[in-house]
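Data block for coords26.pdb (PDB, C-alpha atoms and all ligand atoms):
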ATOM      1  CA  MET A   1     -16.325 -36.876  28.015
ATOM      2  CA  GLU A   2     -17.053 -35.980  24.373
ATOM      3  CA  GLU A   3     -20.622 -35.003  25.325
ATOM      4  CA  GLN A   4     -19.394 -32.907  28.208
ATOM      5  CA  ALA A   5     -16.899 -31.165  25.976
ATOM      6  CA  LYS A   6     -19.684 -30.326  23.505
ATOM      7  CA  GLY A   7     -21.815 -29.016  26.359
ATOM      8  CA  LEU A   8     -19.047 -26.755  27.532
ATOM      9  CA  LEU A   9     -18.452 -25.402  24.027
ATOM     10  CA  LYS A  10     -22.175 -24.609  23.754
ATOM     11  CA  LEU A  11     -21.995 -22.820  27.087
ATOM     12  CA  ILE A  12     -18.994 -20.795  25.934
ATOM     13  CA  ASN A  13     -20.819 -19.655  22.805
ATOM     14  CA  GLU A  14     -24.073 -18.870  24.586
ATOM     15  CA  LYS A  15     -22.592 -17.070  27.537
ATOM     16  CA  LYS A  16     -19.841 -15.233  25.710
ATOM     17  CA  ILE A  17     -17.495 -16.048  28.520
ATOM     18  CA  ASP A  18     -15.113 -13.259  29.325
ATOM     19  CA  ARG A  19     -11.811 -14.326  27.848
ATOM     20  CA  ASN A  20      -9.886 -11.501  29.451
ATOM     21  CA  THR A  21      -9.559 -13.173  32.808
ATOM     22  CA  LYS A  22      -5.985 -14.383  33.119
ATOM     23  CA  PHE A  23      -5.340 -17.789  34.604
ATOM     24  CA  LEU A  24      -1.928 -18.179  36.208
ATOM     25  CA  ALA A  25      -0.717 -21.440  37.694
ATOM     26  CA  VAL A  26       1.963 -21.611  40.379
ATOM     27  CA  ALA A  27       3.850 -24.895  40.180
ATOM     28  CA  SER A  28       7.108 -26.609  41.092
ATOM     29  CA  GLY A  29       8.818 -29.918  40.648
ATOM     30  CA  LYS A  30       9.941 -30.168  44.255
ATOM     31  CA  GLY A  31       7.811 -29.473  47.322
ATOM     32  CA  GLY A  32       8.582 -26.867  49.968
ATOM     33  CA  VAL A  33      10.122 -24.346  47.576
ATOM     34  CA  GLY A  34       7.684 -21.536  48.440
ATOM     35  CA  LYS A  35       4.777 -21.957  45.999
ATOM     36  CA  THR A  36       2.053 -21.209  48.508
ATOM     37  CA  ASN A  37       3.845 -18.200  49.979
ATOM     38  CA  PHE A  38       4.396 -16.925  46.453
ATOM     39  CA  ALA A  39       0.753 -17.503  45.456
ATOM     40  CA  VAL A  40      -0.693 -15.870  48.578
ATOM     41  CA  ASN A  41       1.584 -12.821  48.507
ATOM     42  CA  PHE A  42       1.366 -12.395  44.749
ATOM     43  CA  SER A  43      -2.431 -12.439  45.044
ATOM     44  CA  TYR A  44      -2.284 -10.019  47.967
ATOM     45  CA  LEU A  45      -0.140  -7.516  46.028
ATOM     46  CA  MET A  46      -2.174  -7.834  42.840
ATOM     47  CA  ALA A  47      -5.321  -7.053  44.819
ATOM     48  CA  ASN A  48      -4.083  -4.438  47.277
ATOM     49  CA  ASP A  49      -1.268  -2.650  45.474
ATOM     50  CA  PHE A  50      -2.528  -2.945  41.926
ATOM     51  CA  GLY A  51      -6.291  -2.958  42.484
ATOM     52  CA  LYS A  52      -6.988  -6.178  40.610
ATOM     53  CA  LYS A  53      -9.837  -8.566  41.329
ATOM     54  CA  VAL A  54      -8.158 -11.812  42.269
ATOM     55  CA  LEU A  55      -9.398 -15.306  42.965
ATOM     56  CA  LEU A  56      -6.785 -17.566  44.539
ATOM     57  CA  ILE A  57      -7.558 -21.255  44.157
ATOM     58  CA  ASP A  58      -5.863 -23.765  46.419
ATOM     59  CA  ALA A  59      -5.544 -26.679  44.021
ATOM     60  CA  ASP A  60      -2.926 -28.494  46.085
ATOM     61  CA  ILE A  61      -5.197 -31.466  46.575
ATOM     62  CA  GLY A  62      -3.895 -33.436  49.521
ATOM     63  CA  MET A  63      -1.714 -30.737  51.096
ATOM     64  CA  ALA A  64      -3.923 -27.676  50.924
ATOM     65  CA  ASN A  65      -2.686 -24.887  53.155
ATOM     66  CA  VAL A  66      -3.601 -21.490  51.718
ATOM     67  CA  HIS A  67      -6.351 -21.115  54.333
ATOM     68  CA  ILE A  68      -3.802 -21.837  57.073
ATOM     69  CA  LEU A  69      -1.446 -19.138  55.785
ATOM     70  CA  VAL A  70      -4.222 -16.543  55.739
ATOM     71  CA  ASN A  71      -5.533 -17.794  59.097
ATOM     72  CA  VAL A  72      -9.115 -18.479  58.093
ATOM     73  CA  ASN A  73     -11.023 -21.538  59.247
ATOM     74  CA  THR A  74     -13.143 -23.037  56.548
ATOM     75  CA  LYS A  75     -15.631 -25.850  56.698
ATOM     76  CA  LYS A  76     -16.286 -25.906  52.987
ATOM     77  CA  THR A  77     -13.565 -26.430  50.430
ATOM     78  CA  LEU A  78     -12.916 -27.345  46.816
ATOM     79  CA  LYS A  79     -14.083 -30.806  47.826
ATOM     80  CA  ASN A  80     -17.653 -29.500  48.276
ATOM     81  CA  ILE A  81     -17.531 -28.071  44.767
ATOM     82  CA  LEU A  82     -16.273 -31.355  43.413
ATOM     83  CA  SER A  83     -19.322 -32.969  44.945
ATOM     84  CA  GLY A  84     -21.671 -30.499  43.305
ATOM     85  CA  GLU A  85     -21.980 -27.431  45.544
ATOM     86  CA  LYS A  86     -21.841 -23.919  44.152
ATOM     87  CA  ILE A  87     -18.509 -22.171  43.989
ATOM     88  CA  GLU A  88     -20.003 -18.902  45.308
ATOM     89  CA  ASP A  89     -20.916 -20.645  48.543
ATOM     90  CA  ILE A  90     -17.363 -21.826  49.108
ATOM     91  CA  ILE A  91     -15.260 -18.783  48.226
ATOM     92  CA  PHE A  92     -14.315 -16.535  51.132
ATOM     93  CA  SER A  93     -12.751 -13.097  51.104
ATOM     94  CA  THR A  94      -9.860 -11.898  53.197
ATOM     95  CA  ARG A  95      -7.563  -8.869  52.823
ATOM     96  CA  GLY A  96      -9.036  -7.980  49.460
ATOM     97  CA  ILE A  97      -8.513 -11.450  47.928
ATOM     98  CA  ASP A  98     -11.157 -14.048  47.178
ATOM     99  CA  ILE A  99      -9.979 -17.519  48.094
ATOM    100  CA  LEU A 100     -11.224 -20.934  47.139
ATOM    101  CA  PRO A 101      -9.784 -23.183  49.852
ATOM    102  CA  GLY A 102      -8.463 -26.621  49.096
ATOM    103  CA  PHE A 103      -8.664 -29.837  51.034
ATOM    104  CA  SER A 104      -6.294 -32.373  52.477
ATOM    105  CA  GLY A 105      -6.375 -35.950  53.538
ATOM    106  CA  ILE A 106      -4.713 -39.215  52.844
ATOM    107  CA  ASP A 107      -7.187 -40.233  50.133
ATOM    108  CA  ALA A 108      -7.838 -36.713  48.830
ATOM    109  CA  ILE A 109      -6.065 -37.256  45.544
ATOM    110  CA  ASN A 110      -8.001 -40.452  44.852
ATOM    111  CA  GLU A 111     -11.320 -38.740  45.463
ATOM    112  CA  VAL A 112     -10.875 -36.444  42.498
ATOM    113  CA  ASP A 113     -11.703 -37.857  39.103
ATOM    114  CA  ASP A 114     -11.862 -36.118  35.742
ATOM    115  CA  THR A 115     -15.621 -35.691  35.843
ATOM    116  CA  ALA A 116     -15.271 -33.899  39.163
ATOM    117  CA  VAL A 117     -12.636 -31.636  37.655
ATOM    118  CA  PHE A 118     -14.992 -30.947  34.750
ATOM    119  CA  ARG A 119     -17.793 -29.957  37.137
ATOM    120  CA  PHE A 120     -15.364 -27.730  38.963
ATOM    121  CA  VAL A 121     -14.419 -26.008  35.735
ATOM    122  CA  GLN A 122     -18.072 -25.446  34.875
ATOM    123  CA  ASN A 123     -18.575 -23.760  38.205
ATOM    124  CA  LEU A 124     -15.469 -21.680  37.688
ATOM    125  CA  ASN A 125     -16.957 -20.614  34.435
ATOM    126  CA  ASP A 126     -19.780 -18.840  36.258
ATOM    127  CA  VAL A 127     -17.469 -16.754  38.416
ATOM    128  CA  SER A 128     -14.429 -16.155  36.244
ATOM    129  CA  GLU A 129     -15.758 -12.993  34.615
ATOM    130  CA  LYS A 130     -15.715 -11.257  37.994
ATOM    131  CA  TYR A 131     -11.935 -11.549  38.162
ATOM    132  CA  ASP A 132      -8.923 -10.037  36.458
ATOM    133  CA  TYR A 133      -6.721 -12.881  37.669
ATOM    134  CA  ILE A 134      -7.355 -16.414  38.764
ATOM    135  CA  ILE A 135      -4.227 -17.697  40.476
ATOM    136  CA  ILE A 136      -3.938 -21.430  41.029
ATOM    137  CA  ASP A 137      -1.629 -22.835  43.706
ATOM    138  CA  THR A 138      -0.890 -26.407  42.626
ATOM    139  CA  ALA A 139       0.675 -29.455  44.233
ATOM    140  CA  ALA A 140       4.362 -30.191  43.721
ATOM    141  CA  GLY A 141       5.246 -32.577  40.926
ATOM    142  CA  ILE A 142       3.532 -33.662  37.766
ATOM    143  CA  ASP A 143       0.431 -35.519  38.813
ATOM    144  CA  ASN A 144      -2.443 -35.568  36.269
ATOM    145  CA  LYS A 145      -4.463 -33.033  38.211
ATOM    146  CA  VAL A 146      -1.570 -30.599  38.319
ATOM    147  CA  ILE A 147      -1.114 -31.032  34.591
ATOM    148  CA  SER A 148      -4.741 -30.143  33.907
ATOM    149  CA  PHE A 149      -4.508 -26.962  35.995
ATOM    150  CA  ILE A 150      -1.294 -25.942  34.255
ATOM    151  CA  ARG A 151      -2.714 -26.631  30.809
ATOM    152  CA  ALA A 152      -5.712 -24.488  31.641
ATOM    153  CA  SER A 153      -3.482 -21.519  32.501
ATOM    154  CA  SER A 154      -2.093 -18.995  30.055
ATOM    155  CA  LYS A 155       1.108 -18.863  32.080
ATOM    156  CA  THR A 156       2.755 -20.924  34.784
ATOM    157  CA  TYR A 157       5.139 -19.536  37.348
ATOM    158  CA  VAL A 158       7.578 -22.326  38.138
ATOM    159  CA  ILE A 159       9.079 -21.832  41.565
ATOM    160  CA  THR A 160      12.499 -23.258  42.362
ATOM    161  CA  THR A 161      15.251 -22.659  44.883
ATOM    162  CA  PRO A 162      18.987 -22.725  44.159
ATOM    163  CA  GLU A 163      19.177 -26.359  45.374
ATOM    164  CA  PRO A 164      20.233 -28.736  42.583
ATOM    165  CA  THR A 165      17.331 -31.077  43.403
ATOM    166  CA  ALA A 166      14.793 -28.253  43.033
ATOM    167  CA  ILE A 167      16.351 -27.198  39.723
ATOM    168  CA  MET A 168      16.328 -30.786  38.414
ATOM    169  CA  ASP A 169      12.686 -31.198  39.382
ATOM    170  CA  ALA A 170      11.734 -27.870  37.783
ATOM    171  CA  TYR A 171      13.423 -29.107  34.606
ATOM    172  CA  ALA A 172      11.470 -32.384  34.774
ATOM    173  CA  LEU A 173       8.175 -30.489  35.138
ATOM    174  CA  ILE A 174       8.917 -28.215  32.174
ATOM    175  CA  LYS A 175      10.101 -31.165  30.096
ATOM    176  CA  SER A 176       6.937 -33.189  30.761
ATOM    177  CA  MET A 177       4.637 -30.305  29.897
ATOM    178  CA  LYS A 178       6.549 -29.572  26.701
ATOM    179  CA  LYS A 179       6.822 -33.190  25.535
ATOM    180  CA  LEU A 180       3.310 -34.268  26.460
ATOM    181  CA  TYR A 181       1.283 -31.144  25.667
ATOM    182  CA  ASP A 182       3.593 -28.756  23.820
ATOM    183  CA  TYR A 183       3.050 -26.336  26.709
ATOM    184  CA  SER A 184       5.878 -23.854  27.171
ATOM    185  CA  ASP A 185       4.399 -20.735  28.791
ATOM    186  CA  PHE A 186       6.634 -20.751  31.832
ATOM    187  CA  LYS A 187       8.215 -18.046  33.935
ATOM    188  CA  VAL A 188      10.766 -19.094  36.491
ATOM    189  CA  VAL A 189      10.973 -17.620  39.968
ATOM    190  CA  VAL A 190      14.055 -18.495  42.022
ATOM    191  CA  ASN A 191      13.108 -18.292  45.695
ATOM    192  CA  MET A 192      15.123 -18.286  48.924
ATOM    193  CA  VAL A 193      18.255 -16.898  47.325
ATOM    194  CA  LYS A 194      21.127 -15.476  49.367
ATOM    195  CA  SER A 195      21.915 -12.918  46.678
ATOM    196  CA  GLU A 196      20.644 -11.678  43.349
ATOM    197  CA  GLU A 197      23.676 -13.346  41.696
ATOM    198  CA  GLU A 198      22.803 -16.709  43.182
ATOM    199  CA  GLY A 199      19.282 -16.324  41.790
ATOM    200  CA  LEU A 200      20.477 -15.382  38.324
ATOM    201  CA  GLU A 201      23.049 -18.191  38.271
ATOM    202  CA  THR A 202      20.336 -20.673  39.221
ATOM    203  CA  PHE A 203      18.043 -19.379  36.513
ATOM    204  CA  ASN A 204      20.789 -19.473  33.895
ATOM    205  CA  ARG A 205      21.671 -23.045  34.771
ATOM    206  CA  LEU A 206      18.053 -24.110  34.301
ATOM    207  CA  LYS A 207      17.602 -21.944  31.226
ATOM    208  CA  SER A 208      20.629 -23.334  29.400
ATOM    209  CA  SER A 209      19.324 -26.919  29.681
ATOM    210  CA  VAL A 210      15.732 -25.962  28.882
ATOM    211  CA  ASP A 211      16.732 -23.883  25.868
ATOM    212  CA  LYS A 212      19.172 -26.484  24.576
ATOM    213  CA  PHE A 213      17.261 -29.715  25.111
ATOM    214  CA  LEU A 214      13.649 -28.572  24.945
ATOM    215  CA  GLY A 215      13.886 -25.694  22.490
ATOM    216  CA  ILE A 216      12.094 -23.263  24.795
ATOM    217  CA  ASN A 217      13.279 -19.708  25.342
ATOM    218  CA  LEU A 218      12.822 -19.850  29.094
ATOM    219  CA  GLN A 219      11.820 -16.561  30.743
ATOM    220  CA  LEU A 220      12.838 -15.271  34.156
ATOM    221  CA  GLY A 221       9.987 -14.146  36.405
ATOM    222  CA  GLY A 222      12.332 -12.892  39.098
ATOM    223  CA  VAL A 223      14.381 -13.766  42.141
ATOM    224  CA  LEU A 224      13.164 -13.652  45.727
ATOM    225  CA  GLY A 225      15.512 -13.409  48.685
ATOM    226  CA  HIS A 226      15.542 -15.666  51.692
ATOM    227  CA  THR A 227      14.008 -13.754  54.585
ATOM    228  CA  LYS A 228      13.394 -14.603  58.217
ATOM    229  CA  ASN A 229      10.274 -12.446  58.079
ATOM    230  CA  ILE A 230       8.527 -15.155  56.048
ATOM    231  CA  GLN A 231       9.045 -17.755  58.760
ATOM    232  CA  LYS A 232       8.044 -15.209  61.419
ATOM    233  CA  THR A 233       4.824 -14.331  59.675
ATOM    234  CA  VAL A 234       3.984 -17.919  58.717
ATOM    235  CA  LYS A 235       4.252 -18.912  62.381
ATOM    236  CA  LYS A 236       1.896 -16.105  63.364
ATOM    237  CA  LYS A 237      -0.413 -16.832  60.428
ATOM    238  CA  GLN A 238       0.205 -13.413  58.973
ATOM    239  CA  ILE A 239       1.064 -12.376  55.419
ATOM    240  CA  ILE A 240       4.514 -10.864  54.936
ATOM    241  CA  SER A 241       3.250  -8.398  52.302
ATOM    242  CA  GLU A 242       0.784  -7.030  54.803
ATOM    243  CA  VAL A 243       3.021  -6.937  57.876
ATOM    244  CA  TYR A 244       6.424  -6.121  56.352
ATOM    245  CA  PRO A 245       5.599  -4.273  53.129
ATOM    246  CA  SER A 246       9.155  -2.986  52.783
ATOM    247  CA  ASP A 247      10.893  -6.373  53.205
ATOM    248  CA  LYS A 248      13.101  -7.029  50.180
ATOM    249  CA  PHE A 249      11.111 -10.171  49.372
ATOM    250  CA  VAL A 250       7.939  -8.087  49.091
ATOM    251  CA  LEU A 251       9.611  -5.445  46.943
ATOM    252  CA  GLN A 252      11.015  -8.128  44.632
ATOM    253  CA  LEU A 253       7.622  -9.799  44.411
ATOM    254  CA  LYS A 254       5.991  -6.471  43.617
ATOM    255  CA  LYS A 255       8.376  -6.149  40.685
ATOM    256  CA  ILE A 256       7.271  -9.559  39.390
ATOM    257  CA  ALA A 257       3.636  -8.517  39.765
ATOM    258  CA  SER A 258       4.132  -5.226  37.965
ATOM    259  CA  GLU A 259       5.873  -7.012  35.104
ATOM    260  CA  GLU A 260       2.986  -9.446  34.923
ATOM    261  CA  LEU A 261       0.601  -6.502  34.643
ATOM    262  CA  GLY A 262       2.725  -4.656  32.132
ATOM    263  CA  GLU A 263       2.816  -7.546  29.759
ATOM    264  CA  PRO A 264       0.378  -7.610  26.912
ATOM    265  CA  PRO A 265      -2.092 -10.466  27.138
ATOM    266  CA  PRO A 266      -0.697 -13.640  25.584
ATOM    267  CA  PRO A 267      -1.635 -14.228  21.959
ATOM    268  CA  VAL A 268      -4.974 -15.987  21.779
ATOM    269  CA  LYS A 269      -4.060 -19.477  20.729
ATOM    270  CA  GLU A 270      -6.602 -21.417  22.679
ATOM    271  CA  SER A 271      -8.638 -19.772  25.403
ATOM    272  CA  PHE A 272      -8.794 -21.320  28.846
ATOM    273  CA  TRP A 273     -12.111 -22.942  28.011
ATOM    274  CA  GLU A 274     -10.978 -24.253  24.661
ATOM    275  CA  LYS A 275      -7.970 -25.813  26.353
ATOM    276  CA  VAL A 276     -10.220 -27.502  28.873
ATOM    277  CA  VAL A 277     -12.534 -28.752  26.151
ATOM    278  CA  ASN A 278      -9.608 -30.094  24.156
ATOM    279  CA  PHE A 279      -8.199 -31.720  27.252
ATOM    280  CA  LEU A 280     -11.494 -33.441  27.946
ATOM    281  CA  LYS A 281     -11.759 -34.588  24.351
ATOM    282  CA  LYS A 282      -8.427 -36.357  24.712
ATOM    283  CA  GLU A 283      -9.607 -38.315  27.749
TER     284      GLU A 283
HETATM  285  N1  LIG A 301      11.767 -16.447  50.588
HETATM  286  C1  LIG A 301      11.700 -17.242  51.668
HETATM  287  N2  LIG A 301      12.540 -17.052  52.716
HETATM  288  C2  LIG A 301      12.491 -17.839  53.791
HETATM  289  N3  LIG A 301      11.646 -18.868  53.935
HETATM  290  C3  LIG A 301      10.788 -19.121  52.942
HETATM  291  C4  LIG A 301      10.762 -18.330  51.757
HETATM  292  N4  LIG A 301       9.783 -18.815  50.949
HETATM  293  C5  LIG A 301       9.224 -19.858  51.588
HETATM  294  N5  LIG A 301       9.815 -20.045  52.789
HETATM  295  C6  LIG A 301       9.501 -21.107  53.779
HETATM  296  O1  LIG A 301       9.556 -22.354  53.107
HETATM  297  C7  LIG A 301       8.559 -23.230  53.578
HETATM  298  C8  LIG A 301       7.734 -23.786  52.431
HETATM  299  O2  LIG A 301       6.993 -22.738  51.830
HETATM  300  P1  LIG A 301       5.631 -23.019  51.043
HETATM  301  O3  LIG A 301       5.201 -21.726  50.444
HETATM  302  O4  LIG A 301       4.659 -23.703  51.927
HETATM  303  O5  LIG A 301       6.175 -24.011  49.939
HETATM  304  P2  LIG A 301       5.358 -24.990  48.934
HETATM  305  O6  LIG A 301       3.976 -24.441  48.757
HETATM  306  O7  LIG A 301       6.166 -24.965  47.681
HETATM  307  O8  LIG A 301       5.357 -26.333  49.568
HETATM  308  C9  LIG A 301       7.720 -22.453  54.573
HETATM  309  O9  LIG A 301       8.083 -22.859  55.840
HETATM  310  C10 LIG A 301       8.096 -21.015  54.336
HETATM  311  O10 LIG A 301       8.063 -20.303  55.525
HETATM  312 MG    MG A 302       2.087 -25.289  49.057
END
How does this structure look as structure tokens?
Amino acid sequence: MEEQAKGLLKLINEKKIDRNTKFLAVASGKGGVGKTNFAVNFSYLMANDFGKKVLLIDADIGMANVHILVNVNTKKTLKNILSGEKIEDIIFSTRGIDILPGFSGIDAINEVDDTAVFRFVQNLNDVSEKYDYIIIDTAAGIDNKVISFIRASSKTYVITTPEPTAIMDAYALIKSMKKLYDYSDFKVVVNMVKSEEEGLETFNRLKSSVDKFLGINLQLGGVLGHTKNIQKTVKKKQIISEVYPSDKFVLQLKKIASEELGEPPPPVKESFWEKVVNFLKKE
């Protein structure tokens, strides 16, 4: 791993990799809270309403479903990249977004080792300068692979719902990242709320524990209402932002996206590539 890390550093210096590309992870403690719908629609709005170049990576190894939500059949996936194929040959474009599809299967998670992740990152390296945003939809929970995608991102949107179990699991995710890696660049999105108040109450409950016990000043990304239009569109393999652009969910999500865009870039502590190198060095 040390050799690989050195190789990547050399590559960074030689290629003057564009450090302006923002990497955003979308994560959650609990499954089924709306990560993939958030990631797909957020990417859609960033690309179509704000004119950004977006690559959406389905990094939910084992339960990949971005390609199902956008209704595109793919033969090649992240798995092909992990076995050495070129990223350009795997990415497809739909509705103004570039998508790197993920893969599923009972053994999927076991097929991915750290060297494969390293190769993947090298490939990503070649394409990242084409994009303003690389948005990474991760698996639920705090598996090692998820951790490496989060660590590589300058910010992580943690999705939760008002359910106590989802809040507890979001807390556990934030706690692990803080304790293990001193990572605290989180923004919380409360999804499937019945009212704005319910969303804010949920956030405040999470925030008070996170602030008190972990010493992080937790930030709110936003709240997203429960809407039947999501289920309707998911069933028809459509995207709510495209079909119901004035649904409250879409308007709320657009607000989150515009705040993301309005924010100055995070202070350069470690770039994406430096973080990856440092991560590999620790292996
Ligand atoms: N705001 C929402 N309102 C209603 N249903 C939602 C909302 N967000 C997500 N869902 C539904 O919740 C389920 C899980 O969403 P998904 O994005 O796949 O979650 P995850 O990626 O976290 O597992 C889907 O059936 C989706 O239709
Ligand atoms: Mg998902």
Could I get the residue neighbourhood of ligand MG 302 (chain A) at 10 Å, counting only C-alpha atoms and all ligand atoms, as a PyMOL selection string? chain A and resi 26-28+31-40+58-61+63-66+69+137-140
Nearest candidate to A:Leu24 (options A:Val277, A:Leu78, A:Val127, A:Ala257; using all atoms listed in the file):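 The answer is A:Ala257, which sits nearest to A:Leu24.
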List every protein, DNA or RNA residue that has at least one atom no more than 9 Å from (15.0, -20.4, 44.2) in the file's coordinates, counting all atoms listed in the file, and write the result as a ChimeraX atom specification. /A:33-34,159-163,166-167,188-193,198-199,202-203,223-226
Given the PyMOL selection byres (((chain A and resi 46) around 12) and not hetatm) and the file above, list the residues it selects as a PyMOL selection string. chain A and resi 38-45+47-56+95-98+131-135+241+250+253-261
Using the chain letters and residue numbers of this document, give as a VMD selection string the residues selected by the PyMOL selection byres (((chain A and resi 184) around 12) and not hetatm). chain A and resid 150 to 151 153 to 158 171 173 to 183 185 to 188 210 to 211 214 to 219
What separation in Å, quoted to one decimal, exists between atom CA of A:Pro164 and atom CA of A:Leu206? 9.7 Å
If the PyMOL selection byres (((chain A and resi 105) around 12) and not hetatm) is run on the structure shown, which residues does it catch, given as an NGL selection string? :A and (60-65 or 79 or 102-104 or 106-112)
Could you check which of A:Ser148, A:Gln238, A:Thr165, A:Ser246 is closest to A:Val70, using all atoms listed in the file? A:Gln238
Tell me which of A:Ile90, A:Leu220, A:Leu200, A:Ala170 sits closest to ligand LIG 301 (chain A), counting only C-alpha atoms and all ligand atoms.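 Selected residue with least distance to ligand LIG 301 (chain A): A:Ala170.
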Pick the closest to ligand LIG 301 (chain A) from A:Lys75, A:His67, A:Lys145, A:Lys212: which is it, counting only C-alpha atoms and all ligand atoms?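 Selected residue with least distance to ligand LIG 301 (chain A): A:His67.
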